Structures are given as structure tokens and as C-alpha cells.
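Enquirer: Below is the file final_28.pdb, with PDB, C-alpha atoms and all ligand atoms.
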ATOM      1  CA  MET A  17      14.798 -34.909   2.515
ATOM      2  CA  THR A  18      13.230 -31.862   4.098
ATOM      3  CA  GLU A  19      13.041 -28.484   2.429
ATOM      4  CA  LEU A  20      13.700 -25.468   4.602
ATOM      5  CA  ARG A  21      14.547 -21.830   4.355
ATOM      6  CA  LEU A  22      16.856 -19.918   6.624
ATOM      7  CA  ARG A  23      17.910 -16.322   6.582
ATOM      8  CA  VAL A  24      21.612 -16.519   7.384
ATOM      9  CA  ASN A  25      23.535 -13.318   8.059
ATOM     10  CA  GLY A  26      20.910 -11.382   6.134
ATOM     11  CA  THR A  27      20.802 -13.663   3.083
ATOM     12  CA  ALA A  28      17.932 -16.038   2.254
ATOM     13  CA  ARG A  29      19.175 -19.623   1.875
ATOM     14  CA  ALA A  30      17.165 -22.639   0.733
ATOM     15  CA  LEU A  31      18.241 -26.088   1.890
ATOM     16  CA  SER A  32      17.202 -29.654   1.210
ATOM     17  CA  LEU A  33      18.432 -31.799   4.081
ATOM     18  CA  PRO A  34      17.816 -35.093   5.833
ATOM     19  CA  PRO A  35      15.709 -34.215   8.896
ATOM     20  CA  GLN A  36      18.384 -35.338  11.367
ATOM     21  CA  VAL A  37      20.988 -32.760  10.245
ATOM     22  CA  SER A  38      21.952 -30.356  13.023
ATOM     23  CA  LEU A  39      21.886 -26.628  12.471
ATOM     24  CA  LEU A  40      25.654 -26.663  13.042
ATOM     25  CA  ASP A  41      26.242 -29.149  10.232
ATOM     26  CA  ALA A  42      23.796 -27.296   7.986
ATOM     27  CA  LEU A  43      25.816 -24.108   8.460
ATOM     28  CA  ARG A  44      29.263 -25.682   8.146
ATOM     29  CA  GLU A  45      28.793 -28.541   5.713
ATOM     30  CA  HIS A  46      25.910 -27.377   3.558
ATOM     31  CA  LEU A  47      26.322 -23.601   3.510
ATOM     32  CA  GLY A  48      30.123 -23.504   3.826
ATOM     33  CA  LEU A  49      30.049 -21.182   6.827
ATOM     34  CA  THR A  50      32.890 -22.729   8.798
ATOM     35  CA  GLY A  51      33.300 -19.817  11.224
ATOM     36  CA  THR A  52      30.987 -21.597  13.666
ATOM     37  CA  LYS A  53      33.074 -24.282  15.317
ATOM     38  CA  LYS A  54      32.344 -27.874  16.268
ATOM     39  CA  GLY A  55      33.995 -28.544  19.610
ATOM     40  CA  CYS A  56      32.207 -31.344  21.454
ATOM     41  CA  ASP A  57      29.108 -31.788  19.249
ATOM     42  CA  GLN A  58      27.120 -32.594  22.402
ATOM     43  CA  GLY A  59      26.217 -29.304  24.049
ATOM     44  CA  ALA A  60      29.103 -29.059  26.502
ATOM     45  CA  CYS A  61      31.515 -26.444  25.116
ATOM     46  CA  GLY A  62      29.615 -23.599  23.453
ATOM     47  CA  ALA A  63      31.942 -23.433  20.418
ATOM     48  CA  CYS A  64      28.929 -23.817  18.122
ATOM     49  CA  THR A  65      26.899 -20.929  19.604
ATOM     50  CA  VAL A  66      24.969 -18.848  17.062
ATOM     51  CA  LEU A  67      22.083 -16.411  17.343
ATOM     52  CA  ALA A  68      18.659 -17.637  16.214
ATOM     53  CA  ASP A  69      16.191 -14.774  15.958
ATOM     54  CA  GLY A  70      18.579 -12.906  18.267
ATOM     55  CA  VAL A  71      18.728 -15.617  20.943
ATOM     56  CA  ARG A  72      21.922 -17.585  21.599
ATOM     57  CA  ILE A  73      21.677 -21.333  21.031
ATOM     58  CA  ASN A  74      24.034 -24.301  20.794
ATOM     59  CA  SER A  75      23.658 -25.153  17.125
ATOM     60  CA  CYS A  76      24.999 -28.700  17.645
ATOM     61  CA  LEU A  77      21.931 -29.480  19.753
ATOM     62  CA  ALA A  78      19.476 -27.925  17.278
ATOM     63  CA  LEU A  79      18.006 -29.644  14.269
ATOM     64  CA  ALA A  80      18.141 -27.388  11.220
ATOM     65  CA  VAL A  81      14.490 -28.153  10.446
ATOM     66  CA  GLN A  82      13.440 -26.674  13.802
ATOM     67  CA  TYR A  83      14.652 -23.305  12.556
ATOM     68  CA  ASP A  84      12.806 -23.177   9.239
ATOM     69  CA  GLY A  85      12.118 -19.493   8.612
ATOM     70  CA  ALA A  86      14.470 -18.251  11.325
ATOM     71  CA  GLU A  87      17.069 -15.496  11.126
ATOM     72  CA  ILE A  88      20.445 -17.044  11.981
ATOM     73  CA  THR A  89      23.519 -14.974  12.769
ATOM     74  CA  THR A  90      26.937 -16.597  12.764
ATOM     75  CA  VAL A  91      30.332 -15.063  13.428
ATOM     76  CA  GLU A  92      30.600 -14.250   9.702
ATOM     77  CA  GLY A  93      27.609 -11.939  10.074
ATOM     78  CA  LEU A  94      28.743 -10.044  13.162
ATOM     79  CA  ASP A  95      29.650  -6.386  13.087
ATOM     80  CA  ASP A  96      29.879  -5.541  16.757
ATOM     81  CA  PRO A  97      32.243  -3.458  18.927
ATOM     82  CA  LEU A  98      32.787  -6.599  21.003
ATOM     83  CA  GLN A  99      35.009  -8.021  18.250
ATOM     84  CA  ALA A 100      37.523  -5.165  18.509
ATOM     85  CA  ALA A 101      37.294  -5.343  22.312
ATOM     86  CA  PHE A 102      38.277  -9.037  22.214
ATOM     87  CA  VAL A 103      41.395  -8.092  20.223
ATOM     88  CA  ARG A 104      42.251  -5.154  22.520
ATOM     89  CA  HIS A 105      41.950  -7.294  25.655
ATOM     90  CA  ASP A 106      43.618 -10.497  24.380
ATOM     91  CA  GLY A 107      40.292 -12.297  24.565
ATOM     92  CA  LEU A 108      41.488 -14.914  22.121
ATOM     93  CA  GLN A 109      44.550 -17.072  21.716
ATOM     94  CA  CYS A 110      44.001 -19.941  19.265
ATOM     95  CA  GLY A 111      40.638 -18.404  18.420
ATOM     96  CA  TYR A 112      38.805 -21.713  18.183
ATOM     97  CA  CYS A 113      36.249 -20.848  20.842
ATOM     98  CA  THR A 114      36.026 -17.199  19.777
ATOM     99  CA  PRO A 115      33.060 -17.386  17.353
ATOM    100  CA  GLY A 116      30.975 -19.049  20.041
ATOM    101  CA  GLN A 117      32.226 -16.678  22.721
ATOM    102  CA  LEU A 118      31.290 -13.645  20.602
ATOM    103  CA  CYS A 119      27.814 -14.889  19.685
ATOM    104  CA  SER A 120      27.197 -15.989  23.254
ATOM    105  CA  ALA A 121      28.329 -12.660  24.703
ATOM    106  CA  ILE A 122      26.070 -10.705  22.336
ATOM    107  CA  GLY A 123      23.117 -12.902  23.306
ATOM    108  CA  MET A 124      24.037 -12.694  26.970
ATOM    109  CA  LEU A 125      24.236  -8.895  26.998
ATOM    110  CA  ASP A 126      20.799  -8.795  25.428
ATOM    111  CA  GLU A 127      19.404 -11.172  28.063
ATOM    112  CA  HIS A 128      20.939  -9.011  30.774
ATOM    113  CA  ARG A 129      19.542  -5.812  29.246
ATOM    114  CA  SER A 130      16.084  -7.375  29.230
ATOM    115  CA  GLY A 131      16.394  -8.056  32.985
ATOM    116  CA  ALA A 132      16.944 -11.838  32.971
ATOM    117  CA  PRO A 133      18.622 -12.943  36.229
ATOM    118  CA  SER A 134      21.406 -15.554  36.420
ATOM    119  CA  ALA A 135      22.244 -18.256  38.982
ATOM    120  CA  VAL A 136      24.440 -15.775  40.895
ATOM    121  CA  THR A 137      22.012 -12.829  40.898
ATOM    122  CA  ALA A 138      21.375 -11.987  44.564
ATOM    123  CA  ASP A 139      18.124 -10.087  44.053
ATOM    124  CA  VAL A 140      16.186 -11.856  41.301
ATOM    125  CA  GLY A 141      13.329  -9.385  41.783
ATOM    126  CA  ALA A 142      15.462  -6.372  40.810
ATOM    127  CA  PRO A 143      14.708  -4.933  37.352
ATOM    128  CA  ARG A 144      18.290  -5.625  36.243
ATOM    129  CA  ALA A 145      21.312  -7.166  38.010
ATOM    130  CA  GLU A 146      24.547  -5.176  38.093
ATOM    131  CA  LEU A 147      26.800  -6.784  35.489
ATOM    132  CA  THR A 148      29.665  -7.704  37.829
ATOM    133  CA  ASP A 149      32.533  -9.966  36.769
ATOM    134  CA  ALA A 150      30.804 -12.800  38.652
ATOM    135  CA  GLU A 151      27.649 -12.202  36.598
ATOM    136  CA  ILE A 152      29.636 -12.150  33.340
ATOM    137  CA  ARG A 153      31.473 -15.366  34.258
ATOM    138  CA  GLU A 154      28.294 -17.154  35.251
ATOM    139  CA  ARG A 155      26.403 -16.019  32.164
ATOM    140  CA  MET A 156      29.310 -17.108  29.919
ATOM    141  CA  SER A 157      29.944 -20.393  31.755
ATOM    142  CA  GLY A 158      28.542 -22.467  28.887
ATOM    143  CA  ASN A 159      31.452 -21.375  26.696
ATOM    144  CA  LEU A 160      34.729 -23.167  27.365
ATOM    145  CA  CYS A 161      38.172 -21.948  26.262
ATOM    146  CA  ARG A 162      41.048 -24.388  26.203
ATOM    147  CA  CYS A 163      43.608 -21.573  26.029
ATOM    148  CA  GLY A 164      42.555 -19.791  29.192
ATOM    149  CA  ALA A 165      41.602 -16.495  27.550
ATOM    150  CA  TYR A 166      38.862 -16.027  30.126
ATOM    151  CA  ASN A 167      40.256 -12.906  31.805
ATOM    152  CA  GLY A 168      40.510 -11.084  28.480
ATOM    153  CA  ILE A 169      37.031 -12.216  27.498
ATOM    154  CA  VAL A 170      35.563 -10.855  30.735
ATOM    155  CA  ASP A 171      37.457  -7.564  30.284
ATOM    156  CA  ALA A 172      36.180  -7.228  26.708
ATOM    157  CA  ILE A 173      32.586  -7.911  27.678
ATOM    158  CA  ARG A 174      32.796  -5.505  30.611
ATOM    159  CA  GLU A 175      34.140  -2.789  28.298
ATOM    160  CA  VAL A 176      31.308  -3.015  25.780
ATOM    161  CA  ALA A 177      28.665  -3.484  28.468
ATOM    162  CA  THR A 178      29.635  -0.336  30.352
ATOM    163  CA  PRO A 179      31.095   2.111  27.834
TER     164      PRO A 179
HETATM  165  S1  LIG A 201      29.969 -28.122  19.705
HETATM  166 FE1  LIG A 201      28.045 -27.483  20.434
HETATM  167  S2  LIG A 201      28.315 -27.216  22.559
HETATM  168 FE2  LIG A 201      30.214 -28.072  21.885
HETATM  169  S1  LIG A 202      41.202 -19.027  22.453
HETATM  170 FE1  LIG A 202      41.739 -21.120  22.152
HETATM  171  S2  LIG A 202      40.050 -22.221  22.913
HETATM  172 FE2  LIG A 202      39.685 -20.180  23.472
END
Output the file's structure in the form of C-alpha cells.
Ligand code: FES
Ligand code: FES
Expert:
Amino acid sequence: MTELRLRVNGTARALSLPPQVSLLDALREHLGLTGTKKGCDQGACGACTVLADGVRINSCLALAVQYDGAEITTVEGLDDPLQAAFVRHDGLQCGYCTPGQLCSAIGMLDEHRSGAPSAVTADVGAPRAELTDAEIRERMSGNLCRCGAYNGIVDAIREVATP
């Protein structure tokens, strides 16, 4: 067993886990935070996206022990205008992908604000790419939605990105 400490949604949590436990399973199975979803469990769908020290990660691909001491934010800890925007724009249907979409979008907007380019950014030398729909789609392409709520998700992200 490995001892580790996480700060999850602002609360200090101590865990004793086998070293092979993923951060996703630590959150869901050991801390009872089932808002973060397990879709593929192999890094393909983005349903398990959380923020680790403010950066979006696929928690199914992360070992919990790698994040000893980190600040983890899951959907249960979000309080962001993006959540209301998702509702206003029909950015969710079954809602299964929504926790990952929300965490990913918050991380993505931060990356964009800091000037990180994407694969579709024409001028990678510019201080910051214009956040077009193509940029939003590319930057959110790691998050799959089986219900096809993509148009609403893009609308919601555009609304909070450019108030
Ligand atoms: S459950 Fe992690 S990417 Fe699909
Ligand atoms: S809202 Fe159902 S998977 Fe996206």
C-alpha cells in the first residue's frame, strides 16, 4: 500500500492505496466522488477529465500516487458560469460526458488564455489565437459525446469565452 495525500475540491484527503490504482478509481471508488465518469478507461473518450493543479488530465491514465500533494478539482468542486451556459445551450443530453466536458473546457480556456496554440492555429507565433469554433472543436476533440451535444457545447464555451 502507498500512503498519499490529495486536496480534492478544497478538502484534504488521505489515502492508502495499492500503487497501481488510477486517479480515476481513487476518486470514484475510494473517495466516493462518482461525478467523474469512466467511459473507456484507456484515454480515448475524455469522460474522466479532471483538473490537477489547474491543468486538465485524463484521470484514467494517471496513477493516483503520481499526484501526491496535488490539488484535484472534479465536477463536484466546480462553480463556474460554464455550467449554466451548458444548460442554456443544451450542451448535455444524457449528461454522461458532461463532467469531463466541463473540466476539459475550463482547462482549455486557461490554456488558450495563456497563449497555447492548437493543431489548427494558423499563426502559432501570435500571442493568442482567436477562439473560433474550429479552435474550440479542436481543443475539445479529446472529449467524445455519444449523444451529439457538440453544437451546444461549442455554443456554451463560446459564450463564456467571449462575454
Ligand atoms: S475514461 Fe479516461 S479517457 Fe475515457
Ligand atoms: S450528453 Fe450523452 S454522452 Fe454527451
Enquirer: Please identify the residues whose atoms come within 9 Å of ligand LIG 201 (chain A), using all atoms listed in the file, and report them as a VMD selection string.
Expert: chain A and resid 40 52 to 65 73 to 77 116 158 to 160
Enquirer: Please save C-alpha atoms of the selected residues as a PDB file, keeping the file's coordinate frame.
Expert:
ATOM      1  CA  LEU A  40      25.654 -26.663  13.042  1.00  0.00           C
ATOM      2  CA  THR A  52      30.987 -21.597  13.666  1.00  0.00           C
ATOM      3  CA  LYS A  53      33.074 -24.282  15.317  1.00  0.00           C
ATOM      4  CA  LYS A  54      32.344 -27.874  16.268  1.00  0.00           C
ATOM      5  CA  GLY A  55      33.995 -28.544  19.610  1.00  0.00           C
ATOM      6  CA  CYS A  56      32.207 -31.344  21.454  1.00  0.00           C
ATOM      7  CA  ASP A  57      29.108 -31.788  19.249  1.00  0.00           C
ATOM      8  CA  GLN A  58      27.120 -32.594  22.402  1.00  0.00           C
ATOM      9  CA  GLY A  59      26.217 -29.304  24.049  1.00  0.00           C
ATOM     10  CA  ALA A  60      29.103 -29.059  26.502  1.00  0.00           C
ATOM     11  CA  CYS A  61      31.515 -26.444  25.116  1.00  0.00           C
ATOM     12  CA  GLY A  62      29.615 -23.599  23.453  1.00  0.00           C
ATOM     13  CA  ALA A  63      31.942 -23.433  20.418  1.00  0.00           C
ATOM     14  CA  CYS A  64      28.929 -23.817  18.122  1.00  0.00           C
ATOM     15  CA  THR A  65      26.899 -20.929  19.604  1.00  0.00           C
ATOM     16  CA  ILE A  73      21.677 -21.333  21.031  1.00  0.00           C
ATOM     17  CA  ASN A  74      24.034 -24.301  20.794  1.00  0.00           C
ATOM     18  CA  SER A  75      23.658 -25.153  17.125  1.00  0.00           C
ATOM     19  CA  CYS A  76      24.999 -28.700  17.645  1.00  0.00           C
ATOM     20  CA  LEU A  77      21.931 -29.480  19.753  1.00  0.00           C
ATOM     21  CA  GLY A 116      30.975 -19.049  20.041  1.00  0.00           C
ATOM     22  CA  GLY A 158      28.542 -22.467  28.887  1.00  0.00           C
ATOM     23  CA  ASN A 159      31.452 -21.375  26.696  1.00  0.00           C
ATOM     24  CA  LEU A 160      34.729 -23.167  27.365  1.00  0.00           C
TER      25      LEU A 160
END
Enquirer: So how many Å separate atom CA of Leu94 of chain A and atom CA of Ala121 of chain A, to one decimal?
Expert: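 Between these atoms lies a distance of 11.8 Å.
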Enquirer: Written as a list in words, what is the full residue list that the PyMOL selection byres (((not hetatm)) within 9 of (chain A and resi 202)) yields on the file shown?
Expert: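 After applying the PyMOL selection byres (((not hetatm)) within 9 of (chain A and resi 202)), what remains is Ala63, Gly107, Leu108, Gln109, Cys110, Gly111, Tyr112, Cys113, Thr114, Gln117, Asn159, Leu160, Cys161, Arg162, Cys163, Gly164, Ala165 and Tyr166 of chain A.
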Enquirer: For atom CA of Ser120 of chain A and atom CA of Val81 of chain A, determine how far apart the two atoms are, in Å to one decimal place.
Expert: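 Spanning atom CA of Ser120 of chain A to atom CA of Val81 of chain A is a straight-line distance of 21.8 Å.
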Enquirer: Please determine, counting all atoms listed in the file, which residue among A:Asp96, A:Pro35, A:Thr90, A:Pro115 has the shortest atom-to-atom distance to Ala78 of chain A.
Expert: A:Pro35
Enquirer: Taking all atoms listed in the file into account, name the residue in A:Ala172, A:Leu43, A:Leu125, A:Ala86 that is nearest to Glu151 of chain A.
Expert: A:Leu125
Enquirer: Which value, in Å to one decimal, gives the distance between atom CA of Glu92 of chain A and atom CA of Arg174 of chain A?
Expert: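 Value for the atom CA of Glu92 of chain A-atom CA of Arg174 of chain A distance: 22.8 Å.
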Enquirer: Would you mind listing what lies within 10 Å of segment 30-32 of chain A as an MDAnalysis selection string, with all atoms listed in the file counted and same-chain residues fewer than 4 positions away left out?
Expert: chainID A and resid 17:23 42 46:47 80:81 84:85
Enquirer: Any chance you could export the current selection's C-alpha atoms as a tab-separated table (two decimals), keeping the file's coordinate frame?
Expert:
chain	number	residue	atom	x	y	z
A	17	MET	CA	14.80	-34.91	2.52
A	18	THR	CA	13.23	-31.86	4.10
A	19	GLU	CA	13.04	-28.48	2.43
A	20	LEU	CA	13.70	-25.47	4.60
A	21	ARG	CA	14.55	-21.83	4.36
A	22	LEU	CA	16.86	-19.92	6.62
A	23	ARG	CA	17.91	-16.32	6.58
A	42	ALA	CA	23.80	-27.30	7.99
A	46	HIS	CA	25.91	-27.38	3.56
A	47	LEU	CA	26.32	-23.60	3.51
A	80	ALA	CA	18.14	-27.39	11.22
A	81	VAL	CA	14.49	-28.15	10.45
A	84	ASP	CA	12.81	-23.18	9.24
A	85	GLY	CA	12.12	-19.49	8.61
Enquirer: Please determine, counting only C-alpha atoms, which residue among A:Glu146, A:Glu127, A:Asp171, A:Asp41 has the shortest atom-to-atom distance to Asp106 of chain A.
Expert: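 Ranking A:Glu146, A:Glu127, A:Asp171, A:Asp41 by distance to Asp106 of chain A, first place goes to A:Asp171.
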Enquirer: Can you spell out as an MDAnalysis selection string the set of residues that the PyMOL selection byres (((chain A and resi 137) around 10) and not hetatm) selects in the structure I just provided?
Expert: chainID A and resid 132:136 138:142 144:148 150:151 154
